[in-house]
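Engineer: Pasting run31.cif here (mmCIF, C-alpha atoms):
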```cif
data_entry
loop_
_atom_site.label_atom_id
_atom_site.label_comp_id
_atom_site.auth_asym_id
_atom_site.auth_seq_id
_atom_site.Cartn_x
_atom_site.Cartn_y
_atom_site.Cartn_z
CA MET G 1 -83.32 155.79 -67.20
CA LYS G 2 -80.54 153.26 -67.88
CA PHE G 3 -80.57 149.70 -69.19
CA ALA G 4 -77.80 147.11 -69.08
CA HIS G 5 -77.31 143.52 -70.24
CA PRO G 6 -74.38 141.42 -68.99
CA GLN G 7 -73.29 140.36 -72.49
CA ILE G 8 -73.13 143.91 -73.84
CA ASN G 9 -70.52 146.41 -72.70
CA LYS G 10 -72.57 149.50 -73.39
CA VAL G 11 -75.03 150.80 -70.81
CA PHE G 12 -77.99 152.33 -72.65
CA SER G 13 -79.32 155.68 -71.51
CA TRP G 14 -81.74 158.23 -72.91
CA ASN G 15 -81.41 161.92 -73.61
CA GLU G 16 -83.40 164.56 -75.44
CA SER G 17 -81.72 164.20 -78.83
CA THR G 18 -81.21 160.50 -79.68
CA VAL G 19 -82.88 157.09 -79.58
CA PRO G 20 -80.69 154.05 -78.81
CA THR G 21 -80.65 151.45 -81.57
CA LEU G 22 -79.11 148.04 -80.92
CA ILE G 23 -78.33 145.87 -83.93
CA ILE G 24 -77.40 142.29 -83.02
CA GLU G 25 -76.28 140.29 -86.07
CA ASN G 26 -75.34 137.23 -84.01
CA GLN G 27 -78.48 135.06 -83.88
CA GLY G 28 -77.60 133.42 -80.58
CA LEU G 29 -77.09 136.73 -78.76
CA PHE G 30 -80.18 138.22 -80.40
CA ARG G 31 -82.27 135.34 -79.11
CA THR G 32 -80.71 135.47 -75.62
CA PHE G 33 -81.06 139.24 -75.35
CA LEU G 34 -84.71 139.17 -76.37
CA GLN G 35 -85.47 136.18 -74.16
CA ASP G 36 -83.90 137.85 -71.12
CA ILE G 37 -86.01 140.97 -71.60
CA HIS G 38 -89.15 138.91 -72.12
CA LEU G 39 -88.53 136.90 -68.95
CA ALA G 40 -87.74 140.01 -66.91
CA ILE G 41 -90.99 141.65 -68.02
CA ASP G 42 -92.80 138.44 -67.02
CA GLY G 43 -91.30 138.72 -63.54
CA VAL G 44 -88.56 136.11 -63.87
CA HIS G 45 -85.18 137.05 -62.43
CA THR G 46 -82.57 137.67 -65.13
CA LYS G 47 -79.32 139.60 -65.26
CA VAL G 48 -80.74 142.52 -67.23
CA VAL G 49 -80.94 145.73 -65.21
CA LEU G 50 -83.27 148.70 -65.66
CA SER G 51 -82.72 151.68 -63.38
CA LEU G 52 -84.27 155.06 -62.68
CA GLY G 53 -82.22 157.64 -60.85
CA ASN G 54 -79.59 154.97 -60.10
CA LYS G 55 -82.24 152.79 -58.44
CA VAL G 56 -83.01 149.37 -59.94
CA VAL G 57 -86.70 149.09 -60.88
CA ASP G 58 -89.00 146.17 -61.63
CA MET G 59 -89.23 145.59 -65.38
CA THR G 60 -92.71 144.10 -65.02
CA LYS G 61 -93.89 147.62 -64.20
CA HIS G 62 -91.43 149.73 -66.16
CA ALA G 63 -90.85 148.01 -69.52
CA GLU G 64 -92.79 146.60 -72.46
CA LEU G 65 -91.86 144.66 -75.59
CA ILE G 66 -93.42 145.67 -78.90
CA THR G 67 -93.08 142.89 -81.45
CA ASP G 68 -96.33 143.00 -83.45
CA PHE G 69 -96.49 145.81 -85.99
CA ILE G 70 -99.16 144.28 -88.23
CA CYS G 71 -101.94 143.81 -85.67
CA PHE G 72 -100.69 145.95 -82.81
CA ASP G 73 -103.43 146.08 -80.16
CA ILE G 74 -103.74 149.51 -78.58
CA ASN G 75 -106.58 148.17 -76.42
CA LYS G 76 -104.40 146.25 -74.01
CA LYS G 77 -106.22 145.06 -70.91
CA SER G 78 -103.75 146.69 -68.52
CA LEU G 79 -104.17 150.09 -70.19
CA LEU G 80 -107.97 149.85 -70.36
CA SER G 81 -108.05 149.03 -66.65
CA LYS G 82 -106.08 152.19 -65.90
CA ILE G 83 -108.41 154.27 -68.10
CA CYS G 84 -111.49 152.84 -66.37
CA ALA G 85 -109.94 153.63 -63.00
CA ALA G 86 -109.42 157.23 -64.17
CA LEU G 87 -113.04 157.43 -65.33
CA GLU G 88 -114.25 156.08 -62.00
CA HIS G 89 -112.14 158.64 -60.17
CA SER G 90 -113.59 161.39 -62.36
CA ALA G 91 -117.16 160.20 -61.67
CA SER G 92 -116.48 160.40 -57.93
CA SER G 93 -115.07 163.92 -58.03
CA PRO G 94 -116.94 166.69 -56.16
CA GLU G 95 -117.90 168.32 -59.47
CA LYS G 96 -119.62 165.16 -60.75
CA PHE G 97 -120.75 163.53 -57.50
CA VAL G 98 -124.41 164.61 -57.64
CA GLU G 99 -124.73 163.75 -61.33
CA THR G 100 -123.16 160.33 -60.70
CA GLN G 101 -125.51 159.55 -57.81
CA GLN G 102 -128.49 160.55 -59.93
CA LEU G 103 -127.33 158.23 -62.70
CA LEU G 104 -126.88 155.29 -60.33
CA ALA G 105 -130.34 155.89 -58.84
CA TYR G 106 -131.84 156.09 -62.34
CA VAL G 107 -130.26 152.78 -63.34
CA GLU G 108 -131.47 151.08 -60.17
CA ASN G 109 -135.00 152.43 -60.58
CA SER G 110 -135.08 151.38 -64.23
CA ILE G 111 -134.13 147.83 -63.32
CA ASN G 112 -136.92 147.74 -60.74
CA ASP G 113 -139.37 149.03 -63.36
CA TRP G 114 -138.29 146.35 -65.84
CA ALA G 115 -138.89 143.70 -63.18
CA PHE G 116 -142.40 144.93 -62.24
CA ASP G 117 -144.25 142.15 -64.12
CA LEU G 118 -141.92 139.33 -63.10
CA SER G 119 -143.21 136.62 -60.81
CA CYS G 120 -140.32 137.13 -58.39
CA ASP G 121 -138.94 139.97 -56.38
CA ILE G 122 -135.47 141.16 -57.36
CA SER G 123 -133.15 143.88 -56.23
CA PRO G 124 -130.07 145.18 -58.06
CA SER G 125 -127.14 144.62 -55.73
CA ASN G 126 -124.22 145.84 -57.79
CA VAL G 127 -125.12 149.15 -59.37
CA SER G 128 -121.92 151.19 -59.28
CA VAL G 129 -119.74 153.30 -61.52
CA SER G 130 -117.35 150.35 -61.81
CA SER G 131 -120.07 147.92 -62.91
CA ILE G 132 -121.48 150.41 -65.43
CA LEU G 133 -118.03 151.00 -66.94
CA LYS G 134 -117.43 147.26 -67.13
CA SER G 135 -120.76 146.73 -68.89
CA ALA G 136 -120.05 149.61 -71.27
CA GLY G 137 -117.05 147.79 -72.76
CA ILE G 138 -114.78 150.85 -72.84
CA ARG G 139 -112.32 150.76 -75.74
CA ILE G 140 -109.88 153.17 -77.37
CA ASN G 141 -110.91 154.11 -80.90
CA ASP G 142 -108.69 152.17 -83.30
CA ASP G 143 -109.19 153.88 -86.64
CA TYR G 144 -105.54 154.04 -87.73
CA VAL G 145 -105.01 153.46 -91.44
CA GLY G 146 -101.96 152.52 -93.50
CA GLU G 147 -98.27 152.55 -92.65
CA ILE G 148 -98.27 156.04 -91.12
CA GLY G 149 -101.32 155.16 -89.07
CA ALA G 150 -99.68 151.99 -87.77
CA ALA G 151 -96.67 153.99 -86.54
CA GLU G 152 -98.91 156.70 -85.07
CA LYS G 153 -100.84 154.06 -83.14
CA ILE G 154 -97.65 152.93 -81.42
CA VAL G 155 -96.76 156.52 -80.52
CA ASP G 156 -100.27 157.16 -79.21
CA TYR G 157 -100.05 154.01 -77.12
CA MET G 158 -96.82 155.24 -75.55
CA GLU G 159 -98.47 158.54 -74.68
CA LEU G 160 -101.50 156.80 -73.14
CA VAL G 161 -99.26 154.56 -71.05
CA ARG G 162 -97.40 157.63 -69.83
CA GLU G 163 -100.65 159.46 -69.01
CA PHE G 164 -102.52 156.64 -67.28
CA ASP G 165 -99.67 154.56 -65.88
CA ARG G 166 -96.05 155.80 -65.96
CA ASP G 167 -93.07 156.39 -68.21
CA LYS G 168 -91.82 153.04 -69.45
CA LEU G 169 -89.05 151.59 -71.56
CA PHE G 170 -90.49 150.34 -74.86
CA VAL G 171 -88.30 147.81 -76.67
CA THR G 172 -89.29 147.53 -80.33
CA VAL G 173 -88.16 144.36 -82.12
CA ASN G 174 -87.27 144.53 -85.83
CA MET G 175 -89.56 147.51 -86.34
CA ARG G 176 -87.55 148.63 -89.36
CA SER G 177 -88.51 145.44 -91.19
CA PHE G 178 -92.10 146.71 -91.32
CA PHE G 179 -91.77 150.44 -92.01
CA SER G 180 -90.09 152.64 -94.60
CA ASP G 181 -87.14 154.84 -93.68
CA GLU G 182 -89.39 157.89 -94.04
CA THR G 183 -91.91 156.53 -91.53
CA ILE G 184 -89.15 155.49 -89.11
CA SER G 185 -87.62 158.95 -89.40
CA LYS G 186 -90.94 160.55 -88.39
CA PHE G 187 -91.37 157.99 -85.61
CA LEU G 188 -87.94 158.75 -84.16
CA ALA G 189 -88.52 162.50 -84.40
CA THR G 190 -91.73 162.08 -82.39
CA VAL G 191 -90.04 159.83 -79.84
CA VAL G 192 -87.29 162.41 -79.30
CA SER G 193 -89.63 165.40 -79.14
CA HIS G 194 -91.81 163.68 -76.52
CA ASP G 195 -88.90 162.09 -74.65
CA TYR G 196 -90.33 158.56 -74.85
CA LYS G 197 -87.93 155.86 -73.70
CA VAL G 198 -87.47 153.57 -76.70
CA LEU G 199 -84.80 150.97 -77.44
CA MET G 200 -84.94 149.78 -81.04
CA LEU G 201 -83.67 146.21 -81.31
CA GLU G 202 -82.84 145.06 -84.84
CA SER G 203 -81.29 141.90 -86.27
CA CYS G 204 -79.72 143.64 -89.27
CA ALA G 205 -78.47 147.11 -90.15
CA TYR G 206 -80.45 149.53 -92.27
CA ASP G 207 -79.44 153.01 -93.40
CA LEU G 208 -78.57 155.24 -90.46
CA ILE G 209 -81.35 157.70 -89.70
CA LYS G 210 -81.18 160.98 -87.83
CA TYR G 211 -81.72 160.63 -84.07
CA GLU G 212 -80.23 157.12 -83.94
CA ASP G 213 -77.57 156.36 -81.34
CA ARG G 214 -76.47 153.09 -82.93
CA LEU G 215 -74.53 150.12 -81.59
CA ILE G 216 -73.83 147.14 -83.82
CA ILE G 217 -72.82 143.74 -82.48
CA ASP G 218 -71.63 141.68 -85.44
CA ARG G 219 -71.67 137.92 -85.95
CA ASP G 220 -68.33 137.60 -84.15
CA LEU G 221 -69.75 139.49 -81.12
CA CYS G 222 -67.59 142.54 -81.80
CA GLU G 223 -69.19 145.82 -80.72
CA ILE G 224 -69.01 148.50 -83.40
#
```
Can you turn what I pasted into structure tokens?

Structural biologist:
Amino acid sequence: MKFAHPQINKVFSWNESTVPTLIIENQGLFRTFLQDIHLAIDGVHTKVVLSLGNKVVDMTKHAELITDFICFDINKKSLLSKICAALEHSASSPEKFVETQQLLAYVENSINDWAFDLSCDISPSNVSVSSILKSAGIRINDDYVGEIGAAEKIVDYMELVREFDRDKLFVTVNMRSFFSDETISKFLATVVSHDYKVLMLESCAYDLIKYEDRLIIDRDLCEI
């Protein structure tokens, strides 16, 4: 995977030993860079380029911005939809087909029993695995606690996206403003060991941590 922005000379790429960190001290470029990524993820044409195997890919499908580290929501609608689709596929598998049909018949019969004393005739018309899953309100358990838990939740989200969707580029924005160096060090070690594609975007420089492949663009737009 490679990522490029027209105002930055470096083309970012990922390997098994480092995580790219981009520090932009110039406020104007920081705003433009972040805005361009945001627009590209929203499907607006910009000059940023994300490629896989030297083929340009759609950032709406292959990239995400992570900006909220206080109330990060692991239960994103897009991810839950993918999980429900996987559950529906599992329910339709040969191993579970008979059990699933028995469950659907039981639900339909129960509804008819509940309606026995009503003054009208009814018939359930939408009893399916999909409708049951929708009614169940499937959610990912969110029991993460404290600073370490907050960082672990982000890592777990990346793994779930990989499992139920695809490998994506995750651009974190000023993450180091919210976590200690020790927590960031553990986060980066996990990112490297699992080969997640992460670009850490920061507006100021903190102490250099192992695994960082750092580029600084100062206030005068010089690349260091």

Engineer: Return as a PyMOL selection string the set of residues that the PyMOL selection byres ((chain G and resi 213) around 6) yields on the displayed structure.

Structural biologist: chain G and resi 18-21+212+214

Engineer: Write a file of the selected residues as a short mmCIF file (atom, residue, chain, number, x, y, z; two decimals), keeping the file's coordinate frame, keeping C-alpha atoms.

Structural biologist:
```
data_model
loop_
_atom_site.label_atom_id
_atom_site.label_comp_id
_atom_site.auth_asym_id
_atom_site.auth_seq_id
_atom_site.Cartn_x
_atom_site.Cartn_y
_atom_site.Cartn_z
CA THR G 18 -81.21 160.50 -79.68
CA VAL G 19 -82.88 157.09 -79.58
CA PRO G 20 -80.69 154.05 -78.81
CA THR G 21 -80.65 151.45 -81.57
CA GLU G 212 -80.23 157.12 -83.94
CA ARG G 214 -76.47 153.09 -82.93
#
```

Engineer: Just checking: using all atoms listed in the file, which residue out of G:Lys197, G:His45, G:Arg139, G:Arg219 ends up closest to Asn15 in chain G?

Structural biologist: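 Checking each candidate against Asn15 in chain G, we get G:Lys197 as the closest.
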
Engineer: Mind checking which residues fall within 12 Å of Gly146 in chain G, counting all atoms listed in the file, ignoring those fewer than 3 positions away in the same chain, and posting them as a PyMOL selection string?

Structural biologist: chain G and resi 69-71+143+149-153+178-180+183

Engineer: Within 10 Å of Val127 in chain G, counting only C-alpha atoms, which residues qualify if same-chain residues fewer than 5 places away don't, as a PyMOL selection string?

Structural biologist: chain G and resi 103-105+107-108+111+132

Engineer: Go through range 4-67 of chain G residue by residue and, counting all atoms listed in the file, keep those with an atom at most 9 Å from range 157-167 of chain G; for each kept residue give the shortest atom pair and its distance in Å to one decimal, ordered by chain and increasing number, as JSON lines.

Structural biologist:
```
{"residue": "G:Lys61", "atom": "CA", "partner": "G:Arg166", "partner_atom": "CA", "distance": 8.6}
{"residue": "G:His62", "atom": "CA", "partner": "G:Asp167", "partner_atom": "CA", "distance": 7.2}
{"residue": "G:Ala63", "atom": "CA", "partner": "G:Asp167", "partner_atom": "CA", "distance": 8.8}
```

Engineer: Could you pull the residues within 8 Å of range 90-102 of chain G, counting all atoms listed in the file, minus those fewer than 4 positions along the same chain, as a VMD selection string?

Structural biologist: chain G and resid 86 106 129

Engineer: Run the PyMOL selection byres ((chain G and resi 134) around 12) mentally over the shown coordinates, then write out the matched residues as a list in words, using the chain letters and numbers from the document.

Structural biologist: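 With the PyMOL selection byres ((chain G and resi 134) around 12) on this model, the match is Leu80, Ser81, Ile83, Cys84, Ala85, Leu87, Glu88, Asn126, Val127, Ser128, Val129, Ser130, Ser131, Ile132, Leu133, Ser135, Ala136, Gly137, Ile138 and Arg139 of chain G.
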
Engineer: With the PyMOL selection byres ((chain G and resi 33) around 12) as the selection, what would be picked from this file? Answer as number ranges by chain, please.

Structural biologist: G: 4-8, 22-32, 34-40, 46-48, 171, 173, 201-203, 217

Engineer: Using the selection just defined, write its residues with C-alpha atoms as an mmCIF file, in the frame of the given file.

Structural biologist:
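Heads up, here's the output in selection.cif:
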```cif
data_model
loop_
_atom_site.group_PDB
_atom_site.id
_atom_site.type_symbol
_atom_site.label_atom_id
_atom_site.label_comp_id
_atom_site.auth_asym_id
_atom_site.auth_seq_id
_atom_site.Cartn_x
_atom_site.Cartn_y
_atom_site.Cartn_z
ATOM 1 C CA ALA G 4 -77.800 147.110 -69.080
ATOM 2 C CA HIS G 5 -77.310 143.520 -70.240
ATOM 3 C CA PRO G 6 -74.380 141.420 -68.990
ATOM 4 C CA GLN G 7 -73.290 140.360 -72.490
ATOM 5 C CA ILE G 8 -73.130 143.910 -73.840
ATOM 6 C CA LEU G 22 -79.110 148.040 -80.920
ATOM 7 C CA ILE G 23 -78.330 145.870 -83.930
ATOM 8 C CA ILE G 24 -77.400 142.290 -83.020
ATOM 9 C CA GLU G 25 -76.280 140.290 -86.070
ATOM 10 C CA ASN G 26 -75.340 137.230 -84.010
ATOM 11 C CA GLN G 27 -78.480 135.060 -83.880
ATOM 12 C CA GLY G 28 -77.600 133.420 -80.580
ATOM 13 C CA LEU G 29 -77.090 136.730 -78.760
ATOM 14 C CA PHE G 30 -80.180 138.220 -80.400
ATOM 15 C CA ARG G 31 -82.270 135.340 -79.110
ATOM 16 C CA THR G 32 -80.710 135.470 -75.620
ATOM 17 C CA LEU G 34 -84.710 139.170 -76.370
ATOM 18 C CA GLN G 35 -85.470 136.180 -74.160
ATOM 19 C CA ASP G 36 -83.900 137.850 -71.120
ATOM 20 C CA ILE G 37 -86.010 140.970 -71.600
ATOM 21 C CA HIS G 38 -89.150 138.910 -72.120
ATOM 22 C CA LEU G 39 -88.530 136.900 -68.950
ATOM 23 C CA ALA G 40 -87.740 140.010 -66.910
ATOM 24 C CA THR G 46 -82.570 137.670 -65.130
ATOM 25 C CA LYS G 47 -79.320 139.600 -65.260
ATOM 26 C CA VAL G 48 -80.740 142.520 -67.230
ATOM 27 C CA VAL G 171 -88.300 147.810 -76.670
ATOM 28 C CA VAL G 173 -88.160 144.360 -82.120
ATOM 29 C CA LEU G 201 -83.670 146.210 -81.310
ATOM 30 C CA GLU G 202 -82.840 145.060 -84.840
ATOM 31 C CA SER G 203 -81.290 141.900 -86.270
ATOM 32 C CA ILE G 217 -72.820 143.740 -82.480
#
```

Engineer: Name the closest residue to Asp142 in chain G among the candidates G:Asp195, G:Asp73, G:Glu16, G:Asp207; distances are taken between atoms, counting all atoms listed in the file.

Structural biologist: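 Using all atoms listed in the file, Asp142 in chain G sits closest to G:Asp73.
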